[in-house]
>>> print(open('input.txt').read())   # compact mmCIF, C-alpha atoms
# COMPACT_ATOMS: atom_id res chain seq x y z
CA MET A 12 -67.99 -41.92 -59.84
CA TRP A 13 -68.12 -38.84 -62.10
CA LEU A 14 -64.34 -38.60 -62.11
CA ASN A 15 -63.98 -41.95 -63.85
CA ASN A 16 -66.11 -41.07 -66.85
CA ILE A 17 -63.99 -40.06 -69.80
CA PRO A 18 -65.85 -37.52 -71.96
CA ALA A 19 -66.39 -38.94 -75.44
CA LEU A 20 -64.56 -36.02 -77.05
CA VAL A 21 -61.24 -36.81 -75.36
CA ASP A 22 -61.73 -40.54 -74.98
CA PRO A 23 -59.49 -41.59 -77.93
CA ILE A 24 -56.42 -39.76 -76.63
CA PHE A 25 -56.61 -41.55 -73.28
CA ARG A 26 -56.84 -45.02 -74.83
CA ASP A 27 -53.99 -47.53 -74.94
CA LYS A 28 -53.71 -47.65 -78.70
CA PHE A 29 -51.33 -44.70 -79.18
CA ARG A 30 -50.21 -44.37 -75.56
CA LEU A 31 -46.45 -44.39 -76.08
CA LEU A 32 -46.71 -42.21 -79.17
CA SER A 33 -48.83 -39.70 -77.23
CA ILE A 34 -46.25 -39.64 -74.42
CA ALA A 35 -43.38 -39.11 -76.87
CA LEU A 36 -45.24 -36.38 -78.78
CA SER A 37 -46.24 -34.56 -75.59
CA ILE A 38 -42.66 -34.62 -74.29
CA PHE A 39 -41.52 -33.18 -77.63
CA ILE A 40 -44.12 -30.38 -77.38
CA LEU A 41 -42.94 -29.61 -73.83
CA PHE A 42 -39.35 -29.49 -75.08
CA LEU A 43 -40.35 -26.99 -77.78
CA LEU A 44 -42.23 -24.87 -75.23
CA GLY A 45 -39.20 -24.96 -72.92
CA MET A 46 -36.89 -23.84 -75.73
CA TYR A 47 -39.31 -21.06 -76.66
CA SER A 48 -39.39 -19.77 -73.08
CA TYR A 49 -35.61 -20.17 -72.73
CA THR A 50 -34.83 -18.24 -75.91
CA VAL A 51 -37.22 -15.34 -75.32
CA ASN A 52 -36.54 -14.91 -71.59
CA LEU A 53 -32.77 -15.27 -71.96
CA ALA A 54 -32.75 -12.53 -74.61
CA LYS A 55 -34.79 -10.24 -72.30
CA GLU A 56 -32.48 -10.96 -69.38
CA ARG A 57 -29.33 -10.36 -71.43
CA GLN A 58 -30.76 -7.07 -72.65
CA LEU A 59 -31.41 -6.00 -69.05
CA PHE A 60 -27.97 -7.06 -67.82
CA THR A 61 -26.28 -5.37 -70.79
CA SER A 62 -28.11 -2.09 -70.15
CA ILE A 63 -27.14 -2.21 -66.44
CA THR A 64 -23.50 -3.02 -67.26
CA GLN A 65 -23.34 -0.15 -69.77
CA CYS A 66 -25.01 2.16 -67.26
CA ILE A 67 -22.61 1.48 -64.38
CA SER A 68 -19.60 1.60 -66.68
CA GLY A 69 -20.71 5.05 -67.90
CA HIS A 70 -21.19 3.96 -71.52
CA ARG A 71 -24.90 4.57 -71.61
CA THR A 72 -27.53 6.61 -69.80
CA CYS A 73 -28.95 4.77 -66.81
CA PRO A 74 -32.65 3.81 -66.69
CA ASP A 75 -34.94 6.68 -65.62
CA GLY A 76 -37.34 4.87 -63.35
CA SER A 77 -36.98 2.43 -60.49
CA VAL A 78 -34.85 -0.61 -61.08
CA THR A 79 -34.71 -3.84 -59.12
CA LEU A 80 -31.24 -5.27 -58.70
CA LEU A 81 -29.39 -7.93 -56.79
CA ALA A 82 -26.24 -6.62 -55.15
CA GLN A 83 -23.48 -7.67 -52.80
CA VAL A 84 -22.51 -5.28 -50.01
CA LYS A 85 -18.86 -4.24 -50.10
CA ILE A 86 -18.45 -1.34 -47.66
CA ILE A 87 -20.87 0.14 -45.10
CA ASN A 88 -20.71 3.85 -44.22
CA SER A 89 -22.91 5.89 -41.89
CA THR A 90 -25.31 7.28 -44.52
CA ASN A 91 -24.67 5.02 -47.45
CA PHE A 92 -23.15 1.73 -48.47
CA VAL A 93 -21.18 0.47 -51.44
CA VAL A 94 -22.27 -2.51 -53.47
CA ASN A 95 -21.32 -4.56 -56.50
CA ILE A 96 -24.28 -5.19 -58.77
CA ARG A 97 -25.18 -8.48 -60.37
CA THR A 98 -24.82 -8.30 -64.12
CA GLN A 99 -24.87 -11.99 -64.92
CA LYS A 100 -26.75 -15.13 -64.04
CA GLY A 101 -24.99 -18.16 -62.74
CA GLY A 102 -24.59 -20.67 -59.97
CA ARG A 103 -21.48 -19.17 -58.37
CA TRP A 104 -21.83 -15.86 -56.49
CA GLU A 105 -18.18 -14.98 -57.31
CA ASP A 106 -18.99 -14.86 -61.02
CA VAL A 107 -22.23 -12.92 -61.13
CA PHE A 108 -21.37 -9.53 -59.57
CA GLU A 109 -19.63 -6.82 -61.58
CA ARG A 110 -16.65 -6.03 -59.33
CA LYS A 111 -14.96 -3.46 -61.57
CA TYR A 112 -17.54 -0.78 -60.67
CA ASP A 113 -18.48 0.18 -57.11
CA ILE A 114 -21.96 1.64 -56.74
CA THR A 115 -22.89 3.86 -53.81
CA VAL A 116 -26.38 3.32 -52.45
CA ILE A 117 -27.82 6.28 -50.53
CA GLY A 118 -30.04 5.06 -47.75
CA ASN A 119 -29.82 3.17 -44.51
CA ILE A 120 -30.38 -0.48 -43.93
CA ASP A 121 -30.41 -1.87 -40.41
CA GLN A 122 -28.31 -4.89 -39.60
CA LEU A 123 -26.42 -4.78 -42.85
CA ILE A 124 -23.26 -6.84 -42.96
CA GLU A 125 -20.44 -6.62 -45.51
CA GLY A 126 -20.62 -9.54 -47.93
CA TYR A 127 -24.41 -9.85 -47.66
CA SER A 128 -26.39 -10.23 -50.87
CA ILE A 129 -29.43 -7.97 -50.98
CA ALA A 130 -32.25 -7.29 -53.38
CA LEU A 131 -32.72 -3.58 -53.77
CA GLN A 132 -35.03 -1.26 -55.61
CA GLY A 133 -33.91 2.27 -56.36
CA ARG A 134 -33.23 5.01 -58.89
CA PHE A 135 -29.91 5.82 -60.52
CA ILE A 136 -29.00 9.49 -59.99
CA SER A 137 -25.67 8.94 -61.71
CA SER A 138 -23.83 5.95 -63.09
CA THR A 139 -22.22 5.36 -59.70
CA THR A 140 -25.04 6.27 -57.30
CA ILE A 141 -28.45 4.83 -56.51
CA VAL A 142 -31.07 6.27 -54.17
CA LEU A 143 -32.57 3.38 -52.23
CA GLU A 144 -36.35 2.94 -52.28
CA LYS A 145 -36.89 -0.60 -51.00
CA TYR A 146 -34.74 -3.53 -50.09
CA GLU A 147 -34.91 -7.10 -48.94
CA ILE A 148 -32.34 -9.25 -47.21
CA ALA A 149 -33.02 -12.93 -47.03
CA GLY A 150 -30.68 -14.88 -44.81
CA ALA A 151 -29.40 -18.15 -46.22
CA TRP A 152 -31.03 -19.90 -43.26
CA VAL A 153 -34.53 -19.20 -44.65
CA ARG A 154 -33.67 -21.07 -47.80
CA GLU A 155 -32.20 -23.98 -45.82
CA ILE A 156 -35.29 -24.24 -43.62
CA LYS A 157 -37.45 -24.18 -46.74
CA TYR A 158 -35.41 -27.03 -48.22
CA GLY A 159 -35.84 -29.04 -45.01
CA ILE A 160 -39.60 -28.48 -44.87
CA SER A 161 -39.88 -29.29 -48.57
CA LEU A 162 -38.01 -32.58 -48.11
CA LEU A 163 -40.52 -33.55 -45.41
CA ALA A 164 -43.38 -32.83 -47.85
CA LEU A 165 -41.68 -34.82 -50.61
CA SER A 166 -41.19 -37.78 -48.25
CA LEU A 167 -44.90 -37.70 -47.35
CA VAL A 168 -45.90 -37.64 -51.02
CA VAL A 169 -43.64 -40.65 -51.72
CA LEU A 170 -45.08 -42.48 -48.70
CA ILE A 171 -48.71 -41.87 -49.75
CA TRP A 172 -47.81 -42.76 -53.32
CA LEU A 173 -46.19 -46.09 -52.36
CA GLN A 174 -49.22 -46.99 -50.25
CA THR A 175 -51.57 -46.25 -53.15
CA PHE A 176 -49.87 -47.45 -56.32
CA ARG A 177 -47.56 -50.15 -57.61
CA PHE A 178 -45.70 -49.88 -60.89
CA SER A 179 -45.51 -52.62 -63.49
CA PHE A 180 -42.30 -52.18 -65.50
CA ARG A 181 -43.44 -54.85 -67.94
CA ARG A 182 -46.58 -52.89 -68.86
CA PHE A 183 -45.18 -49.46 -67.99
CA LEU A 184 -48.27 -48.66 -65.94
CA PHE A 185 -49.22 -47.69 -62.41
CA PHE A 186 -51.89 -49.86 -60.81
CA GLN A 187 -53.92 -48.86 -57.78
CA ASN A 188 -53.46 -51.10 -54.74
CA ARG A 189 -56.59 -52.79 -53.51
CA ASN A 190 -56.74 -51.02 -50.15
CA PRO A 191 -54.88 -47.74 -50.50
CA MET B 30 -42.75 -19.87 -53.71
CA PRO B 31 -44.45 -21.02 -50.54
CA ASP B 32 -42.52 -24.03 -49.20
CA LEU B 33 -43.45 -27.46 -50.51
CA PHE B 34 -45.14 -28.45 -47.26
CA ALA B 35 -47.65 -25.59 -47.65
CA HIS B 36 -48.40 -26.87 -51.14
CA PHE B 37 -48.64 -30.45 -49.89
CA ALA B 38 -51.04 -29.31 -47.17
CA SER B 39 -53.28 -27.52 -49.68
CA GLY B 40 -53.72 -30.74 -51.66
CA TYR B 41 -53.89 -33.03 -48.66
CA LEU B 42 -56.58 -31.01 -46.91
CA ILE B 43 -58.76 -30.90 -50.05
CA SER B 44 -58.32 -34.66 -50.42
CA ARG B 45 -59.90 -35.16 -46.98
CA VAL B 46 -63.29 -34.63 -48.64
CA SER B 47 -64.75 -38.15 -48.52
CA ARG B 48 -65.27 -38.47 -52.29
CA LEU B 49 -61.67 -37.55 -53.00
CA ARG B 50 -60.01 -39.43 -50.16
CA LYS B 51 -59.03 -42.49 -52.15
CA HIS B 52 -57.34 -40.19 -54.67
CA THR B 53 -55.13 -38.41 -52.12
CA ALA B 54 -51.97 -39.66 -53.84
CA LEU B 55 -52.95 -38.07 -57.16
CA LEU B 56 -53.89 -34.75 -55.63
CA VAL B 57 -50.75 -34.43 -53.50
CA LEU B 58 -48.60 -35.39 -56.47
CA GLY B 59 -50.30 -32.61 -58.45
CA VAL B 60 -49.67 -29.94 -55.83
CA VAL B 61 -45.95 -30.69 -55.58
CA LEU B 62 -45.44 -31.38 -59.29
CA PRO B 63 -44.62 -27.82 -60.48
CA ASP B 64 -41.84 -27.53 -57.90
CA ILE B 65 -40.50 -31.02 -58.64
CA LEU B 66 -40.21 -30.05 -62.29
CA THR B 67 -38.96 -26.50 -61.72
CA ARG B 68 -37.10 -26.23 -58.43
CA ILE B 69 -35.19 -29.51 -58.42
CA PRO B 70 -33.59 -28.91 -61.86
CA GLU B 71 -33.07 -25.25 -60.93
CA ILE B 72 -31.30 -26.07 -57.66
CA ILE B 73 -29.18 -28.91 -59.03
CA LEU B 74 -28.40 -27.65 -62.52
CA ASP B 75 -28.63 -23.86 -62.23
CA ARG B 76 -27.47 -23.07 -58.70
CA LEU B 77 -25.05 -25.95 -58.05
CA LEU B 78 -23.68 -26.73 -61.50
CA GLY B 79 -24.14 -23.34 -63.16
CA ILE B 80 -26.13 -24.72 -66.12
CA PRO B 81 -28.74 -22.01 -66.84
CA VAL B 82 -31.99 -23.97 -67.07
CA PHE B 83 -34.28 -21.61 -65.18
CA HIS B 84 -35.92 -20.05 -68.23
CA PHE B 85 -36.54 -23.55 -69.62
CA VAL B 86 -38.07 -25.12 -66.51
CA ILE B 87 -40.14 -22.07 -65.50
CA ILE B 88 -42.74 -23.26 -68.04
CA PHE B 89 -43.76 -25.88 -65.48
CA HIS B 90 -45.44 -23.09 -63.51
CA SER B 91 -47.85 -22.30 -66.33
CA PRO B 92 -51.23 -24.07 -66.55
CA PHE B 93 -50.86 -24.86 -70.25
CA SER B 94 -47.60 -26.78 -69.75
CA LEU B 95 -48.99 -28.48 -66.65
CA LEU B 96 -51.96 -29.67 -68.67
CA ILE B 97 -49.55 -31.49 -70.99
CA VAL B 98 -47.49 -32.83 -68.06
CA SER B 99 -50.66 -34.12 -66.35
CA PHE B 100 -51.65 -35.79 -69.60
CA ILE B 101 -48.25 -37.50 -69.91
CA ILE B 102 -48.32 -38.74 -66.31
CA SER B 103 -51.93 -39.89 -66.59
CA LEU B 104 -50.96 -42.11 -69.54
CA THR B 105 -48.77 -44.13 -67.16
CA PHE B 106 -51.88 -45.19 -65.20
CA GLU B 107 -54.11 -48.16 -65.83
CA LEU B 108 -57.04 -47.21 -68.06
CA ARG B 109 -59.58 -47.54 -65.24
CA ILE B 110 -58.22 -44.50 -63.37
CA ARG B 111 -56.40 -42.71 -66.21
CA PHE B 112 -58.83 -39.84 -66.69
CA THR B 113 -59.25 -39.42 -62.92
CA ALA B 114 -55.47 -39.24 -62.62
CA PHE B 115 -55.32 -36.61 -65.35
CA LEU B 116 -58.02 -34.45 -63.73
CA LEU B 117 -56.68 -34.63 -60.19
CA ILE B 118 -53.01 -34.19 -61.05
CA PHE B 119 -53.92 -31.15 -63.16
CA LEU B 120 -56.23 -29.80 -60.45
CA GLY B 121 -53.42 -30.15 -57.88
CA SER B 122 -50.82 -28.50 -60.07
CA PHE B 123 -53.23 -25.70 -60.98
CA LEU B 124 -53.81 -25.11 -57.26
CA HIS B 125 -50.03 -24.89 -56.84
CA VAL B 126 -49.79 -22.20 -59.51
CA VAL B 127 -52.68 -20.24 -57.97
CA LEU B 128 -50.96 -20.29 -54.55
CA ASP B 129 -47.67 -19.18 -56.11
CA LEU B 130 -49.38 -16.33 -57.95
CA MET B 131 -50.83 -15.08 -54.67
CA GLN B 132 -47.42 -14.40 -53.17
CA LYS B 133 -45.39 -11.22 -53.15
CA GLN B 134 -41.87 -11.41 -54.50
CA PHE B 135 -39.37 -8.60 -54.49
CA GLY B 136 -39.60 -6.76 -57.80
CA GLU B 137 -41.67 -8.27 -60.56
CA GLY B 138 -43.16 -11.74 -60.37
CA VAL B 139 -41.41 -14.55 -62.21
CA TYR B 140 -44.36 -16.75 -63.13
CA MET B 141 -45.97 -16.58 -66.55
CA PRO B 142 -49.52 -17.89 -66.09
CA TYR B 143 -50.51 -17.16 -69.71
CA PHE B 144 -47.51 -18.87 -71.31
CA PRO B 145 -47.17 -19.77 -74.23
CA PHE B 146 -49.72 -17.15 -75.30
CA SER B 147 -47.98 -14.37 -73.39
CA PHE B 148 -44.73 -13.89 -71.49
CA GLU B 149 -46.38 -11.47 -69.10
CA THR B 150 -45.54 -12.14 -65.44
CA PHE B 151 -48.09 -11.69 -62.71
CA GLN B 152 -48.37 -11.72 -58.92
CA LEU B 153 -51.23 -10.81 -56.59
CA GLY B 154 -48.95 -9.87 -53.68
CA LEU B 155 -51.21 -11.18 -50.93
CA PHE B 156 -48.42 -12.64 -48.77
CA HIS B 157 -44.64 -12.66 -48.64
CA PHE B 158 -43.01 -15.61 -50.39
CA ASN B 159 -41.28 -16.70 -47.16
CA SER B 160 -44.30 -16.35 -44.89
CA SER B 161 -45.18 -20.03 -45.26
CA VAL B 162 -42.00 -20.85 -43.30
CA THR B 163 -43.36 -18.91 -40.31
CA LEU B 164 -46.73 -20.63 -40.64
CA PHE B 165 -45.22 -24.10 -40.98
CA PRO B 166 -45.86 -25.24 -37.35
CA ILE B 167 -49.55 -24.28 -37.60
CA VAL B 168 -50.00 -25.88 -41.02
CA PHE B 169 -48.20 -29.01 -39.82
CA ILE B 170 -50.54 -29.33 -36.82
CA ILE B 171 -53.62 -28.84 -39.04
CA VAL B 172 -52.41 -31.59 -41.41
CA LEU B 173 -51.64 -33.88 -38.46
CA ILE B 174 -55.07 -33.35 -36.91
CA SER B 175 -56.86 -33.90 -40.22
CA TRP B 176 -54.85 -37.11 -40.74
CA LEU B 177 -55.77 -38.35 -37.25
CA ILE B 178 -59.46 -37.59 -37.78
CA THR B 179 -59.81 -39.00 -41.29
CA ARG B 180 -57.39 -41.96 -41.44
>>> encode(input="input.txt", output="structure tokens")
Amino acid sequence: MWLNNIPALVDPIFRDKFRLLSIALSIFILFLLGMYSYTVNLAKERQLFTSITQCISGHRTCPDGSVTLLAQVKIINSTNFVVNIRTQKGGRWEDVFERKYDITVIGNIDQLIEGYSIALQGRFISSTTIVLEKYEIAGAWVREIKYGISLLALSLVVLIWLQTFRFSFRRFLFFQNRNP
Amino acid sequence: MPDLFAHFASGYLISRVSRLRKHTALLVLGVVLPDILTRIPEIILDRLLGIPVFHFVIIFHSPFSLLIVSFIISLTFELRIRFTAFLLIFLGSFLHVVLDLMQKQFGEGVYMPYFPFSFETFQLGLFHFNSSVTLFPIVFIIVLISWLITR
């Protein structure tokens, strides 16, 4: 079958001779790529969070255009609501929102509940006020359903995999079963 | 991201083509691979333990990194099917990235398809990133029917 033919150009790198060395080198390259992405993206993210923190604390002019932010709803009024804005990344919700500064968001959102986390897009008209343009509320249940569905998919992949391959620890290789 | 079952279905349904059927395992591994390498560390390390790994593991949603990952995995296969494994795992993972790029996330996209040559993010915005959850029952039935017909 055409899939089984290794093109001559790449044939040497798929051979057994330097297999473990190739694996080790490739993992090292992936590690370097990961560190590159981590360093550059973290710097960008910190810059964004710093500019937002300085904006809401009044130390710096707020961005002119639309900004996308994650916020937690604190108080709901008839024509606006008050939020705390996320200025950090992290696993714990309690740590990531800047609670020293309350931000008023002008605009209505149906079915908003205090304590909800929302993604919002809007424009700062002052350091304490945002005019809402777009928003999105994702209930935690969506994420949980997604996890459940994803676990089903993972189980199916494992099942198909076990039917098709067996692993030899001695040779560190997968072998195809005779009748997958 | 679309849920993992939608990704699984994309690979599984392609593998129903008679010439690819005996390689179903490779193709379905490929289509779930980017999320195994990105989401599982993100959920466990970033969200649960607070160790910020997201910017590190997001590289596993770029074709260049997935090419290297597919190469590494393919080297753990017997020589007879090694190149096939490489091609199909990469094809599956590339399909995953294409599906993810089609979705619409709030704000800017998070995936960097041109990494490491560019950090530019990109999304086509064809469907909402949670819409696959709504479609799950239909996709599940399609997969079930195709399994019954082709097993």
>>> residues_around(input="input.txt", residues="Ile118 of chain B", least_positions_apart="2", cutoff="8 Å", atoms="all atoms listed in the file", output="list in words")
Leu55, Leu56, Val57, Leu58, Gly59, Val60, Ser99, Ala114, Phe115, Leu116, Leu120, Gly121 and Ser122 of chain B
>>> closest_atom_pairs(input="input.txt", of="segment 36-93 of chain A", to="segment 114-134 of chain A", cutoff="10 Å", atoms="only C-alpha atoms", output="JSON lines")
{"residue": "A:Ile67", "atom": "CA", "partner": "A:Ile114", "partner_atom": "CA", "distance": 7.7}
{"residue": "A:Cys73", "atom": "CA", "partner": "A:Arg134", "partner_atom": "CA", "distance": 9.0}
{"residue": "A:Pro74", "atom": "CA", "partner": "A:Arg134", "partner_atom": "CA", "distance": 7.9}
{"residue": "A:Asp75", "atom": "CA", "partner": "A:Arg134", "partner_atom": "CA", "distance": 7.1}
{"residue": "A:Gly76", "atom": "CA", "partner": "A:Arg134", "partner_atom": "CA", "distance": 6.1}
{"residue": "A:Ser77", "atom": "CA", "partner": "A:Arg134", "partner_atom": "CA", "distance": 4.8}
{"residue": "A:Val78", "atom": "CA", "partner": "A:Gln132", "partner_atom": "CA", "distance": 5.5}
{"residue": "A:Thr79", "atom": "CA", "partner": "A:Gln132", "partner_atom": "CA", "distance": 4.4}
{"residue": "A:Leu80", "atom": "CA", "partner": "A:Leu131", "partner_atom": "CA", "distance": 5.4}
{"residue": "A:Leu81", "atom": "CA", "partner": "A:Ala130", "partner_atom": "CA", "distance": 4.5}
{"residue": "A:Ala82", "atom": "CA", "partner": "A:Ile129", "partner_atom": "CA", "distance": 5.4}
{"residue": "A:Gln83", "atom": "CA", "partner": "A:Ser128", "partner_atom": "CA", "distance": 4.3}
{"residue": "A:Val84", "atom": "CA", "partner": "A:Gly126", "partner_atom": "CA", "distance": 5.1}
{"residue": "A:Lys85", "atom": "CA", "partner": "A:Glu125", "partner_atom": "CA", "distance": 5.4}
{"residue": "A:Ile86", "atom": "CA", "partner": "A:Glu125", "partner_atom": "CA", "distance": 6.0}
{"residue": "A:Ile87", "atom": "CA", "partner": "A:Glu125", "partner_atom": "CA", "distance": 6.8}
{"residue": "A:Asn88", "atom": "CA", "partner": "A:Asn119", "partner_atom": "CA", "distance": 9.1}
{"residue": "A:Ser89", "atom": "CA", "partner": "A:Asn119", "partner_atom": "CA", "distance": 7.9}
{"residue": "A:Thr90", "atom": "CA", "partner": "A:Asn119", "partner_atom": "CA", "distance": 6.1}
{"residue": "A:Asn91", "atom": "CA", "partner": "A:Ile117", "partner_atom": "CA", "distance": 4.6}
{"residue": "A:Phe92", "atom": "CA", "partner": "A:Val116", "partner_atom": "CA", "distance": 5.4}
{"residue": "A:Val93", "atom": "CA", "partner": "A:Thr115", "partner_atom": "CA", "distance": 4.5}
>>> residues_around(input="input.txt", residues="Pro142 of chain B", least_positions_apart="6", cutoff="12 Å", atoms="only C-alpha atoms", output="list in words")
Ile87, Ile88, Phe89, His90, Ser91, Pro92, Phe93, Ser94, Leu95, Phe123, His125, Val126, Val127, Leu128, Asp129, Leu130, Met131, Phe148, Glu149, Thr150, Phe151, Gln152 and Leu153 of chain B
>>> axis_aligned_box(input="input.txt", around="segment 62-72 of chain B", padding_each_side="3 Å", output="lines of an AutoDock Vina configuration file")
center_x = -38.4
center_y = -28.3
center_z = -60.0
size_x = 20.1
size_y = 12.1
size_z = 10.6
>>> interface_residues(input="input.txt", of="chain A", to="chain B", cutoff="8 Å", atoms="only C-alpha atoms", output="PyMOL selection string")
chain A and resi 14-17+25-27+30+33-34+37-38+41+44-50+52-53+79+100-103+130+132+147+153+156-158+160-165+168+171-172+175+183-186+191
>>> residues_near_point(input="input.txt", point="(-28.1, -8.2, -65.6)", cutoff="9 Å", atoms="only C-alpha atoms", output="number ranges by chain")
A: 56-64, 80-81, 96-100, 107
>>> atom_distance(input="input.txt", atom1="atom CA of Leu124 of chain B", atom2="atom CA of Leu62 of chain B")
10.7 Å
>>> atom_distance(input="input.txt", atom1="atom CA of Ile141 of chain A", atom2="atom CA of Val94 of chain A")
10.1 Å
>>> atom_distance(input="input.txt", atom1="atom CA of Leu170 of chain A", atom2="atom CA of Tyr140 of chain B")
29.5 Å
>>> residues_near_point(input="input.txt", point="(-55.8, -33.1, -47.3)", cutoff="7 Å", atoms="only C-alpha atoms", output="PDB file with C-alpha atoms, keeping the file's coordinate frame")
ATOM      1  CA  ALA B  38     -51.040 -29.310 -47.170  1.00  0.00           C
ATOM      2  CA  SER B  39     -53.280 -27.520 -49.680  1.00  0.00           C
ATOM      3  CA  GLY B  40     -53.720 -30.740 -51.660  1.00  0.00           C
ATOM      4  CA  TYR B  41     -53.890 -33.030 -48.660  1.00  0.00           C
ATOM      5  CA  LEU B  42     -56.580 -31.010 -46.910  1.00  0.00           C
ATOM      6  CA  ILE B  43     -58.760 -30.900 -50.050  1.00  0.00           C
ATOM      7  CA  SER B  44     -58.320 -34.660 -50.420  1.00  0.00           C
ATOM      8  CA  ARG B  45     -59.900 -35.160 -46.980  1.00  0.00           C
ATOM      9  CA  VAL B 172     -52.410 -31.590 -41.410  1.00  0.00           C
TER      10      VAL B 172
END
